[in-house]
$ cat start-v1.pdb   # PDB, C-alpha atoms, pLDDT in the B column
ATOM      1  CA  GLN A   1    -158.330 -90.507-123.789  1.00 69.00           C
ATOM      2  CA  GLN A   2    -161.942 -91.177-124.731  1.00 78.00           C
ATOM      3  CA  GLN A   3    -163.073 -90.013-121.288  1.00 82.00           C
ATOM      4  CA  GLN A   4    -160.991 -86.864-121.636  1.00 84.00           C
ATOM      5  CA  GLN A   5    -162.449 -86.137-125.054  1.00 86.00           C
ATOM      6  CA  HIS A   6    -165.954 -86.740-123.728  1.00 88.00           C
ATOM      7  CA  ARG A   7    -165.374 -84.249-120.922  1.00 89.00           C
ATOM      8  CA  LEU A   8    -164.184 -81.615-123.397  1.00 90.00           C
ATOM      9  CA  VAL A   9    -167.314 -82.134-125.515  1.00 92.00           C
ATOM     10  CA  VAL A  10    -169.573 -81.793-122.459  1.00 93.00           C
ATOM     11  CA  VAL A  11    -167.760 -78.640-121.343  1.00 94.00           C
ATOM     12  CA  SER A  12    -168.012 -77.117-124.812  1.00 94.00           C
ATOM     13  CA  THR A  13    -171.747 -77.886-124.945  1.00 95.00           C
ATOM     14  CA  LEU A  14    -172.345 -76.319-121.526  1.00 96.00           C
ATOM     15  CA  HIS A  15    -170.377 -73.267-122.618  1.00 96.00           C
ATOM     16  CA  ASN A  16    -172.663 -72.865-125.640  1.00 96.00           C
ATOM     17  CA  ILE A  17    -175.753 -73.213-123.430  1.00 96.00           C
ATOM     18  CA  ALA A  18    -174.398 -70.528-121.108  1.00 96.00           C
ATOM     19  CA  ASN A  19    -173.936 -68.213-124.098  1.00 95.00           C
ATOM     20  CA  VAL A  20    -177.593 -68.693-125.020  1.00 96.00           C
ATOM     21  CA  HIS A  21    -178.693 -67.767-121.473  1.00 96.00           C
ATOM     22  CA  GLN A  22    -176.438 -64.726-121.495  1.00 95.00           C
ATOM     23  CA  GLN A  23    -177.790 -63.490-124.816  1.00 95.00           C
ATOM     24  CA  ALA A  24    -181.315 -63.941-123.445  1.00 95.00           C
ATOM     25  CA  GLY A  25    -180.402 -61.791-120.435  1.00 93.00           C
ATOM     26  CA  ASP A  26    -180.628 -64.627-117.900  1.00 94.00           C
ATOM     27  CA  LEU A  27    -177.266 -63.870-116.342  1.00 95.00           C
ATOM     28  CA  SER A  28    -177.632 -65.903-113.160  1.00 95.00           C
ATOM     29  CA  GLN A  29    -178.504 -69.035-115.174  1.00 95.00           C
ATOM     30  CA  ALA A  30    -175.610 -68.378-117.546  1.00 96.00           C
ATOM     31  CA  LEU A  31    -173.199 -68.123-114.626  1.00 96.00           C
ATOM     32  CA  GLN A  32    -174.589 -71.272-113.044  1.00 96.00           C
ATOM     33  CA  VAL A  33    -174.061 -73.267-116.257  1.00 96.00           C
ATOM     34  CA  LEU A  34    -170.497 -71.956-116.559  1.00 96.00           C
ATOM     35  CA  VAL A  35    -169.790 -73.061-112.991  1.00 95.00           C
ATOM     36  CA  GLN A  36    -171.162 -76.483-113.871  1.00 95.00           C
ATOM     37  CA  ALA A  37    -168.895 -76.646-116.939  1.00 95.00           C
ATOM     38  CA  LYS A  38    -165.889 -75.711-114.824  1.00 93.00           C
ATOM     39  CA  HIS A  39    -166.752 -78.437-112.351  1.00 93.00           C
ATOM     40  CA  VAL A  40    -167.062 -81.044-115.125  1.00 92.00           C
ATOM     41  CA  LEU A  41    -163.684 -80.010-116.518  1.00 90.00           C
ATOM     42  CA  TRP A  42    -161.863 -80.403-113.201  1.00 86.00           C
ATOM     43  CA  GLN A  43    -164.041 -82.898-111.310  1.00 78.00           C
ATOM     44  CA  GLN A  44    -161.654 -85.864-111.631  1.00 57.00           C
ATOM     45  CA  GLN A  45    -158.523 -83.970-110.659  1.00 55.00           C
ATOM     46  CA  GLU A  46    -158.558 -84.864-106.958  1.00 47.00           C
ATOM     47  CA  HIS A  47    -159.279 -88.510-107.798  1.00 50.00           C
ATOM     48  CA  GLU A  48    -156.393 -88.579-110.253  1.00 52.00           C
ATOM     49  CA  GLU A  49    -154.035 -87.003-107.701  1.00 47.00           C
ATOM     50  CA  ASP A  50    -155.002 -89.559-105.055  1.00 48.00           C
ATOM     51  CA  LYS A  51    -154.465 -92.364-107.553  1.00 50.00           C
ATOM     52  CA  ASN A  52    -151.038 -90.981-108.376  1.00 50.00           C
ATOM     53  CA  ASP A  53    -150.100 -91.070-104.699  1.00 48.00           C
ATOM     54  CA  THR A  54    -151.255 -94.703-104.419  1.00 46.00           C
ATOM     55  CA  ASP A  55    -149.507 -96.135-107.492  1.00 48.00           C
ATOM     56  CA  GLY A  56    -146.758 -93.576-107.903  1.00 49.00           C
ATOM     57  CA  GLN A  57    -144.286 -95.735-109.756  1.00 48.00           C
ATOM     58  CA  GLN A  58    -146.832 -97.101-112.202  1.00 52.00           C
ATOM     59  CA  GLN A  59    -148.206 -93.652-112.959  1.00 51.00           C
ATOM     60  CA  GLN A  60    -144.674 -92.315-113.382  1.00 52.00           C
ATOM     61  CA  GLN A  61    -143.908 -95.015-115.923  1.00 51.00           C
ATOM     62  CA  GLN A  62    -147.124 -94.313-117.839  1.00 52.00           C
ATOM     63  CA  LYS A  63    -146.291 -90.626-117.980  1.00 48.00           C
ATOM     64  CA  GLN A  64    -142.839 -91.422-119.350  1.00 51.00           C
ATOM     65  CA  ASN A  65    -144.330 -93.686-121.984  1.00 48.00           C
ATOM     66  CA  GLN A  66    -146.974 -91.152-123.085  1.00 52.00           C
ATOM     67  CA  PRO A  67    -145.629 -87.654-122.398  1.00 53.00           C
ATOM     68  CA  SER A  68    -147.177 -86.129-125.515  1.00 61.00           C
ATOM     69  CA  ASN A  69    -150.675 -87.341-124.576  1.00 66.00           C
ATOM     70  CA  ASN A  70    -150.372 -85.900-121.071  1.00 70.00           C
ATOM     71  CA  LEU A  71    -149.107 -82.590-122.420  1.00 72.00           C
ATOM     72  CA  SER A  72    -151.856 -82.428-125.016  1.00 83.00           C
ATOM     73  CA  TRP A  73    -154.549 -83.035-122.400  1.00 85.00           C
ATOM     74  CA  LYS A  74    -153.093 -80.398-120.083  1.00 86.00           C
ATOM     75  CA  LYS A  75    -153.091 -77.815-122.881  1.00 89.00           C
ATOM     76  CA  LYS A  76    -156.680 -78.590-123.854  1.00 90.00           C
ATOM     77  CA  LYS A  77    -157.833 -78.433-120.234  1.00 91.00           C
ATOM     78  CA  TRP A  78    -156.096 -75.125-119.588  1.00 92.00           C
ATOM     79  CA  HIS A  79    -157.464 -73.683-122.824  1.00 94.00           C
ATOM     80  CA  GLN A  80    -161.036 -74.673-121.987  1.00 94.00           C
ATOM     81  CA  SER A  81    -160.628 -73.307-118.474  1.00 95.00           C
ATOM     82  CA  ALA A  82    -159.323 -69.977-119.803  1.00 96.00           C
ATOM     83  CA  ARG A  83    -162.332 -69.694-122.094  1.00 96.00           C
ATOM     84  CA  LEU A  84    -164.710 -70.452-119.229  1.00 96.00           C
ATOM     85  CA  CYS A  85    -163.075 -67.795-117.057  1.00 97.00           C
ATOM     86  CA  THR A  86    -163.407 -65.302-119.905  1.00 97.00           C
ATOM     87  CA  ALA A  87    -167.089 -66.160-120.327  1.00 97.00           C
ATOM     88  CA  MET A  88    -167.680 -65.725-116.589  1.00 97.00           C
ATOM     89  CA  GLY A  89    -166.005 -62.331-116.846  1.00 97.00           C
ATOM     90  CA  HIS A  90    -168.433 -61.363-119.614  1.00 97.00           C
ATOM     91  CA  VAL A  91    -171.426 -62.356-117.464  1.00 96.00           C
ATOM     92  CA  TYR A  92    -170.166 -60.444-114.435  1.00 96.00           C
ATOM     93  CA  PHE A  93    -169.391 -57.445-116.643  1.00 95.00           C
ATOM     94  CA  GLN A  94    -172.898 -57.460-118.091  1.00 94.00           C
ATOM     95  CA  ALA A  95    -174.333 -57.654-114.559  1.00 94.00           C
ATOM     96  CA  ASP A  96    -172.212 -54.639-113.502  1.00 92.00           C
ATOM     97  CA  HIS A  97    -170.228 -56.781-111.050  1.00 94.00           C
ATOM     98  CA  TYR A  98    -166.992 -55.131-112.076  1.00 93.00           C
ATOM     99  CA  LYS A  99    -164.771 -56.540-109.337  1.00 93.00           C
ATOM    100  CA  ASP A 100    -165.855 -60.128-110.058  1.00 95.00           C
ATOM    101  CA  ALA A 101    -165.430 -59.523-113.781  1.00 96.00           C
ATOM    102  CA  GLN A 102    -161.920 -58.238-113.202  1.00 95.00           C
ATOM    103  CA  GLU A 103    -160.963 -61.319-111.197  1.00 96.00           C
ATOM    104  CA  ALA A 104    -162.394 -63.668-113.845  1.00 96.00           C
ATOM    105  CA  TYR A 105    -160.559 -61.884-116.660  1.00 97.00           C
ATOM    106  CA  GLN A 106    -157.309 -61.939-114.681  1.00 96.00           C
ATOM    107  CA  ASP A 107    -157.700 -65.683-114.055  1.00 96.00           C
ATOM    108  CA  ALA A 108    -158.200 -66.202-117.788  1.00 97.00           C
ATOM    109  CA  MET A 109    -155.174 -64.069-118.609  1.00 96.00           C
ATOM    110  CA  LEU A 110    -153.006 -66.073-116.190  1.00 96.00           C
ATOM    111  CA  LEU A 111    -154.085 -69.332-117.822  1.00 95.00           C
ATOM    112  CA  TYR A 112    -153.458 -67.996-121.321  1.00 96.00           C
ATOM    113  CA  GLU A 113    -150.001 -66.705-120.419  1.00 95.00           C
ATOM    114  CA  ARG A 114    -148.939 -70.015-118.879  1.00 93.00           C
ATOM    115  CA  LEU A 115    -150.420 -71.939-121.772  1.00 93.00           C
ATOM    116  CA  ILE A 116    -148.554 -69.789-124.291  1.00 93.00           C
ATOM    117  CA  VAL A 117    -145.279 -70.420-122.453  1.00 92.00           C
ATOM    118  CA  LEU A 118    -146.003 -74.147-122.601  1.00 90.00           C
ATOM    119  CA  VAL A 119    -146.691 -74.024-126.341  1.00 89.00           C
ATOM    120  CA  GLU A 120    -143.598 -71.919-126.982  1.00 89.00           C
ATOM    121  CA  GLU A 121    -141.444 -74.472-125.172  1.00 87.00           C
ATOM    122  CA  GLU A 122    -143.018 -77.264-127.227  1.00 84.00           C
ATOM    123  CA  MET A 123    -142.418 -75.380-130.478  1.00 83.00           C
ATOM    124  CA  ASP A 124    -138.832 -74.711-129.485  1.00 81.00           C
ATOM    125  CA  ASN A 125    -138.206 -78.380-128.713  1.00 80.00           C
ATOM    126  CA  LYS A 126    -139.688 -79.455-132.049  1.00 76.00           C
ATOM    127  CA  HIS A 127    -137.561 -76.894-133.835  1.00 72.00           C
ATOM    128  CA  ARG A 128    -134.349 -78.204-132.278  1.00 74.00           C
ATOM    129  CA  CYS A 129    -135.237 -81.830-133.101  1.00 72.00           C
ATOM    130  CA  ARG A 130    -135.940 -81.241-136.817  1.00 64.00           C
ATOM    131  CA  PRO A 131    -133.303 -81.607-139.513  1.00 61.00           C
ATOM    132  CA  ARG A 132    -131.857 -78.232-140.431  1.00 56.00           C
ATOM    133  CA  GLN A 133    -133.159 -78.298-144.018  1.00 50.00           C
ATOM    134  CA  HIS A 134    -136.803 -78.713-142.860  1.00 53.00           C
ATOM    135  CA  ARG A 135    -136.871 -76.251-140.007  1.00 49.00           C
ATOM    136  CA  HIS A 136    -137.913 -73.118-141.833  1.00 50.00           C
ATOM    137  CA  VAL A 137    -140.754 -74.575-143.924  1.00 48.00           C
ATOM    138  CA  GLN A 138    -142.297 -76.700-141.216  1.00 48.00           C
ATOM    139  CA  GLY A 139    -141.840 -73.970-138.641  1.00 47.00           C
ATOM    140  CA  GLN A 140    -144.157 -71.782-140.666  1.00 46.00           C
ATOM    141  CA  ASN A 141    -146.751 -74.465-141.324  1.00 49.00           C
ATOM    142  CA  ASN A 142    -146.743 -76.301-137.975  1.00 48.00           C
ATOM    143  CA  THR A 143    -148.358 -75.357-134.633  1.00 66.00           C
ATOM    144  CA  ASP A 144    -148.454 -71.714-135.691  1.00 73.00           C
ATOM    145  CA  THR A 145    -152.236 -71.811-136.036  1.00 80.00           C
ATOM    146  CA  ASN A 146    -152.928 -72.866-132.445  1.00 86.00           C
ATOM    147  CA  TYR A 147    -150.284 -70.481-131.176  1.00 89.00           C
ATOM    148  CA  GLN A 148    -151.841 -67.557-133.062  1.00 91.00           C
ATOM    149  CA  VAL A 149    -155.272 -68.476-131.697  1.00 92.00           C
ATOM    150  CA  LEU A 150    -153.947 -68.327-128.145  1.00 93.00           C
ATOM    151  CA  LEU A 151    -152.258 -64.986-128.760  1.00 94.00           C
ATOM    152  CA  GLN A 152    -155.459 -63.561-130.244  1.00 95.00           C
ATOM    153  CA  GLU A 153    -157.607 -64.780-127.344  1.00 95.00           C
ATOM    154  CA  LEU A 154    -155.118 -63.350-124.838  1.00 95.00           C
ATOM    155  CA  PHE A 155    -155.248 -60.052-126.713  1.00 96.00           C
ATOM    156  CA  ASN A 156    -159.066 -60.127-126.505  1.00 96.00           C
ATOM    157  CA  VAL A 157    -159.004 -60.710-122.738  1.00 96.00           C
ATOM    158  CA  ARG A 158    -156.661 -57.765-122.279  1.00 96.00           C
ATOM    159  CA  ALA A 159    -159.033 -55.657-124.384  1.00 96.00           C
ATOM    160  CA  ASP A 160    -161.924 -56.801-122.166  1.00 96.00           C
ATOM    161  CA  LEU A 161    -159.974 -55.668-119.108  1.00 95.00           C
ATOM    162  CA  ASN A 162    -159.414 -52.272-120.717  1.00 95.00           C
ATOM    163  CA  ASP A 163    -163.138 -51.971-121.493  1.00 95.00           C
ATOM    164  CA  LEU A 164    -163.903 -52.939-117.913  1.00 95.00           C
ATOM    165  CA  GLU A 165    -161.539 -50.281-116.581  1.00 94.00           C
ATOM    166  CA  ARG A 166    -163.198 -47.612-118.717  1.00 94.00           C
ATOM    167  CA  ALA A 167    -166.677 -48.728-117.620  1.00 93.00           C
ATOM    168  CA  TRP A 168    -165.604 -48.641-113.971  1.00 92.00           C
ATOM    169  CA  GLN A 169    -164.182 -45.129-114.366  1.00 92.00           C
ATOM    170  CA  THR A 170    -167.405 -44.013-116.058  1.00 92.00           C
ATOM    171  CA  ARG A 171    -169.474 -45.418-113.197  1.00 90.00           C
ATOM    172  CA  GLN A 172    -167.226 -43.687-110.662  1.00 90.00           C
ATOM    173  CA  ARG A 173    -167.727 -40.340-112.433  1.00 90.00           C
ATOM    174  CA  ARG A 174    -171.500 -40.833-112.501  1.00 89.00           C
ATOM    175  CA  GLN A 175    -171.550 -41.706-108.822  1.00 88.00           C
ATOM    176  CA  ARG A 176    -169.597 -38.562-107.990  1.00 88.00           C
ATOM    177  CA  GLN A 177    -171.967 -36.500-110.127  1.00 88.00           C
ATOM    178  CA  GLN A 178    -174.993 -38.053-108.413  1.00 86.00           C
ATOM    179  CA  GLU A 179    -173.513 -37.394-104.987  1.00 85.00           C
ATOM    180  CA  LYS A 180    -172.847 -33.796-105.974  1.00 83.00           C
ATOM    181  CA  GLN A 181    -176.410 -33.376-107.244  1.00 83.00           C
ATOM    182  CA  GLN A 182    -177.822 -34.904-104.063  1.00 81.00           C
ATOM    183  CA  GLN A 183    -175.783 -32.510-101.970  1.00 81.00           C
ATOM    184  CA  GLN A 184    -177.081 -29.598-104.031  1.00 79.00           C
ATOM    185  CA  GLN A 185    -180.689 -30.834-103.753  1.00 77.00           C
ATOM    186  CA  GLN A 186    -180.509 -31.440-100.012  1.00 72.00           C
ATOM    187  CA  PRO A 187    -181.421 -27.850 -98.957  1.00 65.00           C
ATOM    188  CA  GLU A 188    -184.357 -27.840-101.421  1.00 59.00           C
ATOM    189  CA  LEU A 189    -185.724 -31.108-100.009  1.00 57.00           C
ATOM    190  CA  GLU A 190    -185.481 -29.753 -96.476  1.00 58.00           C
ATOM    191  CA  HIS A 191    -187.299 -26.597 -97.591  1.00 56.00           C
ATOM    192  CA  TYR A 192    -190.164 -28.299 -99.417  1.00 55.00           C
ATOM    193  CA  GLY A 193    -190.582 -31.137 -96.945  1.00 54.00           C
ATOM    194  CA  ASP A 194    -192.781 -33.964 -98.246  1.00 53.00           C
ATOM    195  CA  ASN A 195    -193.885 -32.216-101.442  1.00 52.00           C
ATOM    196  CA  ASP A 196    -192.024 -34.728-103.628  1.00 50.00           C
ATOM    197  CA  ASN A 197    -194.510 -36.067-106.215  1.00 52.00           C
ATOM    198  CA  GLY A 198    -192.439 -39.080-107.231  1.00 48.00           C
ATOM    199  CA  ASP A 199    -190.115 -37.503-109.778  1.00 47.00           C
ATOM    200  CA  HIS A 200    -187.560 -40.247-109.117  1.00 43.00           C
ATOM    201  CA  ASP A 201    -189.831 -43.243-109.648  1.00 44.00           C
ATOM    202  CA  ASP A 202    -187.975 -44.385-112.761  1.00 42.00           C
ATOM    203  CA  GLY A 203    -184.715 -44.477-110.825  1.00 42.00           C
ATOM    204  CA  ASN A 204    -186.340 -46.466-108.037  1.00 44.00           C
ATOM    205  CA  ILE A 205    -187.675 -49.017-110.516  1.00 37.00           C
ATOM    206  CA  TYR A 206    -184.206 -49.388-112.005  1.00 41.00           C
ATOM    207  CA  GLN A 207    -182.762 -49.907-108.531  1.00 46.00           C
ATOM    208  CA  VAL A 208    -185.291 -52.675-107.822  1.00 44.00           C
ATOM    209  CA  GLU A 209    -184.462 -54.424-111.091  1.00 48.00           C
ATOM    210  CA  ARG A 210    -180.728 -54.077-110.484  1.00 53.00           C
ATOM    211  CA  TYR A 211    -181.130 -55.417-106.943  1.00 54.00           C
ATOM    212  CA  GLN A 212    -182.857 -58.521-108.319  1.00 55.00           C
ATOM    213  CA  VAL A 213    -179.971 -59.139-110.753  1.00 57.00           C
ATOM    214  CA  ASP A 214    -177.436 -58.595-107.976  1.00 63.00           C
ATOM    215  CA  TYR A 215    -179.312 -60.997-105.725  1.00 60.00           C
ATOM    216  CA  ASP A 216    -179.392 -63.727-108.372  1.00 67.00           C
ATOM    217  CA  ILE A 217    -175.703 -63.291-109.215  1.00 70.00           C
ATOM    218  CA  ASP A 218    -174.746 -63.327-105.535  1.00 69.00           C
ATOM    219  CA  LYS A 219    -176.633 -66.611-105.047  1.00 67.00           C
ATOM    220  CA  VAL A 220    -174.585 -68.205-107.808  1.00 69.00           C
ATOM    221  CA  LYS A 221    -171.379 -66.658-106.415  1.00 66.00           C
ATOM    222  CA  ASN A 222    -172.106 -68.299-103.075  1.00 65.00           C
ATOM    223  CA  MET A 223    -172.500 -71.588-104.907  1.00 60.00           C
ATOM    224  CA  VAL A 224    -169.162 -70.975-106.618  1.00 56.00           C
ATOM    225  CA  ALA A 225    -167.551 -70.388-103.241  1.00 54.00           C
ATOM    226  CA  THR A 226    -168.748 -73.780-102.014  1.00 53.00           C
ATOM    227  CA  GLN A 227    -167.225 -75.582-105.000  1.00 53.00           C
ATOM    228  CA  PRO A 228    -163.986 -77.274-103.914  1.00 44.00           C
ATOM    229  CA  VAL A 229    -162.714 -77.429-107.473  1.00 41.00           C
ATOM    230  CA  THR A 230    -160.143 -74.877-108.664  1.00 41.00           C
ATOM    231  CA  PRO A 231    -157.796 -75.090-111.636  1.00 41.00           C
ATOM    232  CA  PHE A 232    -154.825 -73.200-110.298  1.00 37.00           C
ATOM    233  CA  HIS A 233    -153.202 -75.712-107.938  1.00 38.00           C
ATOM    234  CA  ASP A 234    -152.683 -77.890-111.025  1.00 41.00           C
ATOM    235  CA  MET A 235    -150.309 -75.372-112.590  1.00 37.00           C
ATOM    236  CA  THR A 236    -147.296 -75.823-110.342  1.00 32.00           C
TER     237      THR A 236
END

$ encode --input "start-v1.pdb" --output "C-alpha cells"
Amino acid sequence: QQQQQHRLVVVSTLHNIANVHQQAGDLSQALQVLVQAKHVLWQQQEHEEDKNDTDGQQQQQQKQNQPSNNLSWKKKKWHQSARLCTAMGHVYFQADHYKDAQEAYQDAMLLYERLIVLVEEEMDNKHRCRPRQHRHVQGQNNTDTNYQVLLQELFNVRADLNDLERAWQTRQRRQRQQEKQQQQQQPELEHYGDNDNGDHDDGNIYQVERYQVDYDIDKVKNMVATQPVTPFHDMT
C-alpha cells in the first residue's frame, strides 16, 4: 500500500509539472511529462500479472482477504488515468491536433464511465448491508462526495468534446473558405505572374511556427506509440 500511495503522489506531481509546461506554451514537453506519468502509474502492471500467474493460489487468497484494498487501489488508478487522458486531450487540443485530442477525451470518458459504474455498485452494496434505520442518513453523507466529483469530471470531459467538435467545424469552414478564395485568386495569379510582393508573408510565418509545433508533438506521439503500457487491458 505504501508503494501504491507513493506512485499516486509521483503521478500527481508529474501531472502538475505538465500543467506548468502547458501554461507556458511548451506543449511537447507537457505531453512528454504526461506520458511519463502514465508510465509510472501502470509500470508495474505486467510484473504484477506475471506474479499472479506464478503464485495464483496465494494471490487469490490475498485478494479474498483484502478485497476493499484492491478495489480502492483500482479506483484510484483508474481515476488518475482518466485525469491524465483528459490532460493529454487538452494539450492536443491546444496544439490543434483535433483527432488526437478526440481520442484522448474518449479514453478519459470510457474510464470515467466504468469507474462510475464501479462506485455505484459499491454504494449499492453498502446500502443493502446497512441496517434499515441508518440507510437514509448515511446514504446522504457517505461516498456521495467522491461520486459527485466523478460525475462532474465526466461532465467536463463531455463538454471538452463538444468544444472540440465546434472548433473542428470552425476549422473546416475556414479551410473551405480559404480553398474558395484560392480558386478565385488563381486566374489573377496567372495573369500577374511573379508580381507578388509578399502579401502572404504573415501566413507563411504562421505556417512555419505551426509546423514546428506539429513536429514536436509528433515526436512525442511516436514515443507514446513505443510505450508498451496501456491501461485498458486491465479493465476486463

$ resolve_selection --input "start-v1.pdb" --expression "the PyMOL selection byres ((chain A and resi 115) around 10)" --output "mmCIF file with C-alpha atoms, keeping the file's coordinate frame"
data_model
loop_
_atom_site.group_PDB
_atom_site.id
_atom_site.type_symbol
_atom_site.label_atom_id
_atom_site.label_comp_id
_atom_site.auth_asym_id
_atom_site.auth_seq_id
_atom_site.Cartn_x
_atom_site.Cartn_y
_atom_site.Cartn_z
ATOM 1 C CA LYS A 74 -153.093 -80.398 -120.083
ATOM 2 C CA LYS A 75 -153.091 -77.815 -122.881
ATOM 3 C CA LYS A 76 -156.680 -78.590 -123.854
ATOM 4 C CA LYS A 77 -157.833 -78.433 -120.234
ATOM 5 C CA TRP A 78 -156.096 -75.125 -119.588
ATOM 6 C CA HIS A 79 -157.464 -73.683 -122.824
ATOM 7 C CA ALA A 82 -159.323 -69.977 -119.803
ATOM 8 C CA MET A 109 -155.174 -64.069 -118.609
ATOM 9 C CA LEU A 110 -153.006 -66.073 -116.190
ATOM 10 C CA LEU A 111 -154.085 -69.332 -117.822
ATOM 11 C CA TYR A 112 -153.458 -67.996 -121.321
ATOM 12 C CA GLU A 113 -150.001 -66.705 -120.419
ATOM 13 C CA ARG A 114 -148.939 -70.015 -118.879
ATOM 14 C CA ILE A 116 -148.554 -69.789 -124.291
ATOM 15 C CA VAL A 117 -145.279 -70.420 -122.453
ATOM 16 C CA LEU A 118 -146.003 -74.147 -122.601
ATOM 17 C CA VAL A 119 -146.691 -74.024 -126.341
ATOM 18 C CA GLU A 120 -143.598 -71.919 -126.982
ATOM 19 C CA GLU A 121 -141.444 -74.472 -125.172
ATOM 20 C CA TYR A 147 -150.284 -70.481 -131.176
ATOM 21 C CA LEU A 150 -153.947 -68.327 -128.145
ATOM 22 C CA MET A 235 -150.309 -75.372 -112.590
#

$ residues_around --input "start-v1.pdb" --residues "range 98-102 of chain A" --least-positions-apart "4" --cutoff "8 Å" --atoms "all atoms listed in the file" --output "VMD selection string"
chain A and resid 88 to 93 106 161 164 168

$ atom_distance --input "start-v1.pdb" --atom1 "CA of Ala104 in chain A" --atom2 "CA of Cys85 in chain A"
5.3 Å

$ atom_distance --input "start-v1.pdb" --atom1 "CA of Arg158 in chain A" --atom2 "CA of Val9 in chain A"
26.8 Å

$ atom_distance --input "start-v1.pdb" --atom1 "CA of Ser81 in chain A" --atom2 "CA of Asn125 in chain A"
25.2 Å

$ closest_residue --input "start-v1.pdb" --among "A:Leu71, A:Leu84, A:Val40, A:Ala167" --to "Asn16 in chain A" --atoms "all atoms listed in the file"
A:Leu84

$ closest_residue --input "start-v1.pdb" --among "A:Gln177, A:Gln4, A:Gln185, A:Gln148" --to "Asn70 in chain A" --atoms "all atoms listed in the file"
A:Gln4

$ closest_residue --input "start-v1.pdb" --among "A:Cys129, A:Met123, A:Ala87, A:Val10" --to "Asn146 in chain A" --atoms "only C-alpha atoms"
A:Met123

$ decode --input "start-v1.pdb" --residues "range 141-189 of chain A" --atoms "C-alpha atoms" --output "PDB file, in the first residue's frame"
ATOM      1  CA  ASN A 141     -23.403  11.642   3.954  1.00  0.00           C
ATOM      2  CA  ASN A 142     -21.312   8.715   2.671  1.00  0.00           C
ATOM      3  CA  THR A 143     -19.430   8.283  -0.637  1.00  0.00           C
ATOM      4  CA  ASP A 144     -21.639  10.910  -2.254  1.00  0.00           C
ATOM      5  CA  THR A 145     -18.756  13.381  -2.408  1.00  0.00           C
ATOM      6  CA  ASN A 146     -16.452  11.164  -4.472  1.00  0.00           C
ATOM      7  CA  TYR A 147     -19.348  10.088  -6.651  1.00  0.00           C
ATOM      8  CA  GLN A 148     -20.315  13.705  -7.365  1.00  0.00           C
ATOM      9  CA  VAL A 149     -16.697  14.529  -8.206  1.00  0.00           C
ATOM     10  CA  LEU A 150     -16.615  11.742 -10.779  1.00  0.00           C
ATOM     11  CA  LEU A 151     -19.905  12.856 -12.304  1.00  0.00           C
ATOM     12  CA  GLN A 152     -18.664  16.446 -12.538  1.00  0.00           C
ATOM     13  CA  GLU A 153     -15.371  15.434 -14.163  1.00  0.00           C
ATOM     14  CA  LEU A 154     -17.225  13.224 -16.654  1.00  0.00           C
ATOM     15  CA  PHE A 155     -19.499  16.160 -17.441  1.00  0.00           C
ATOM     16  CA  ASN A 156     -16.414  18.345 -18.025  1.00  0.00           C
ATOM     17  CA  VAL A 157     -14.888  15.817 -20.436  1.00  0.00           C
ATOM     18  CA  ARG A 158     -18.118  15.694 -22.418  1.00  0.00           C
ATOM     19  CA  ALA A 159     -18.092  19.500 -22.534  1.00  0.00           C
ATOM     20  CA  ASP A 160     -14.489  19.380 -23.794  1.00  0.00           C
ATOM     21  CA  LEU A 161     -15.581  17.022 -26.567  1.00  0.00           C
ATOM     22  CA  ASN A 162     -18.354  19.433 -27.532  1.00  0.00           C
ATOM     23  CA  ASP A 163     -15.874  22.331 -27.619  1.00  0.00           C
ATOM     24  CA  LEU A 164     -13.562  20.212 -29.741  1.00  0.00           C
ATOM     25  CA  GLU A 165     -16.362  19.417 -32.181  1.00  0.00           C
ATOM     26  CA  ARG A 166     -17.200  23.105 -32.554  1.00  0.00           C
ATOM     27  CA  ALA A 167     -13.530  24.008 -33.072  1.00  0.00           C
ATOM     28  CA  TRP A 168     -13.186  21.287 -35.708  1.00  0.00           C
ATOM     29  CA  GLN A 169     -16.284  22.529 -37.543  1.00  0.00           C
ATOM     30  CA  THR A 170     -14.933  26.086 -37.421  1.00  0.00           C
ATOM     31  CA  ARG A 171     -11.616  24.948 -38.885  1.00  0.00           C
ATOM     32  CA  GLN A 172     -13.432  23.033 -41.625  1.00  0.00           C
ATOM     33  CA  ARG A 173     -15.407  26.162 -42.569  1.00  0.00           C
ATOM     34  CA  ARG A 174     -12.229  28.253 -42.668  1.00  0.00           C
ATOM     35  CA  GLN A 175     -10.492  25.689 -44.837  1.00  0.00           C
ATOM     36  CA  ARG A 176     -13.398  25.698 -47.276  1.00  0.00           C
ATOM     37  CA  GLN A 177     -13.361  29.497 -47.338  1.00  0.00           C
ATOM     38  CA  GLN A 178      -9.605  29.530 -47.971  1.00  0.00           C
ATOM     39  CA  GLU A 179      -9.955  26.995 -50.766  1.00  0.00           C
ATOM     40  CA  LYS A 180     -12.710  29.090 -52.312  1.00  0.00           C
ATOM     41  CA  GLN A 181     -10.583  32.238 -52.089  1.00  0.00           C
ATOM     42  CA  GLN A 182      -7.605  30.445 -53.628  1.00  0.00           C
ATOM     43  CA  GLN A 183      -9.757  29.269 -56.502  1.00  0.00           C
ATOM     44  CA  GLN A 184     -10.979  32.822 -57.044  1.00  0.00           C
ATOM     45  CA  GLN A 185      -7.421  34.214 -56.891  1.00  0.00           C
ATOM     46  CA  GLN A 186      -5.983  31.615 -59.253  1.00  0.00           C
ATOM     47  CA  PRO A 187      -6.817  33.495 -62.509  1.00  0.00           C
ATOM     48  CA  GLU A 188      -5.364  36.727 -61.051  1.00  0.00           C
ATOM     49  CA  LEU A 189      -2.094  34.995 -60.126  1.00  0.00           C
TER      50      LEU A 189
END
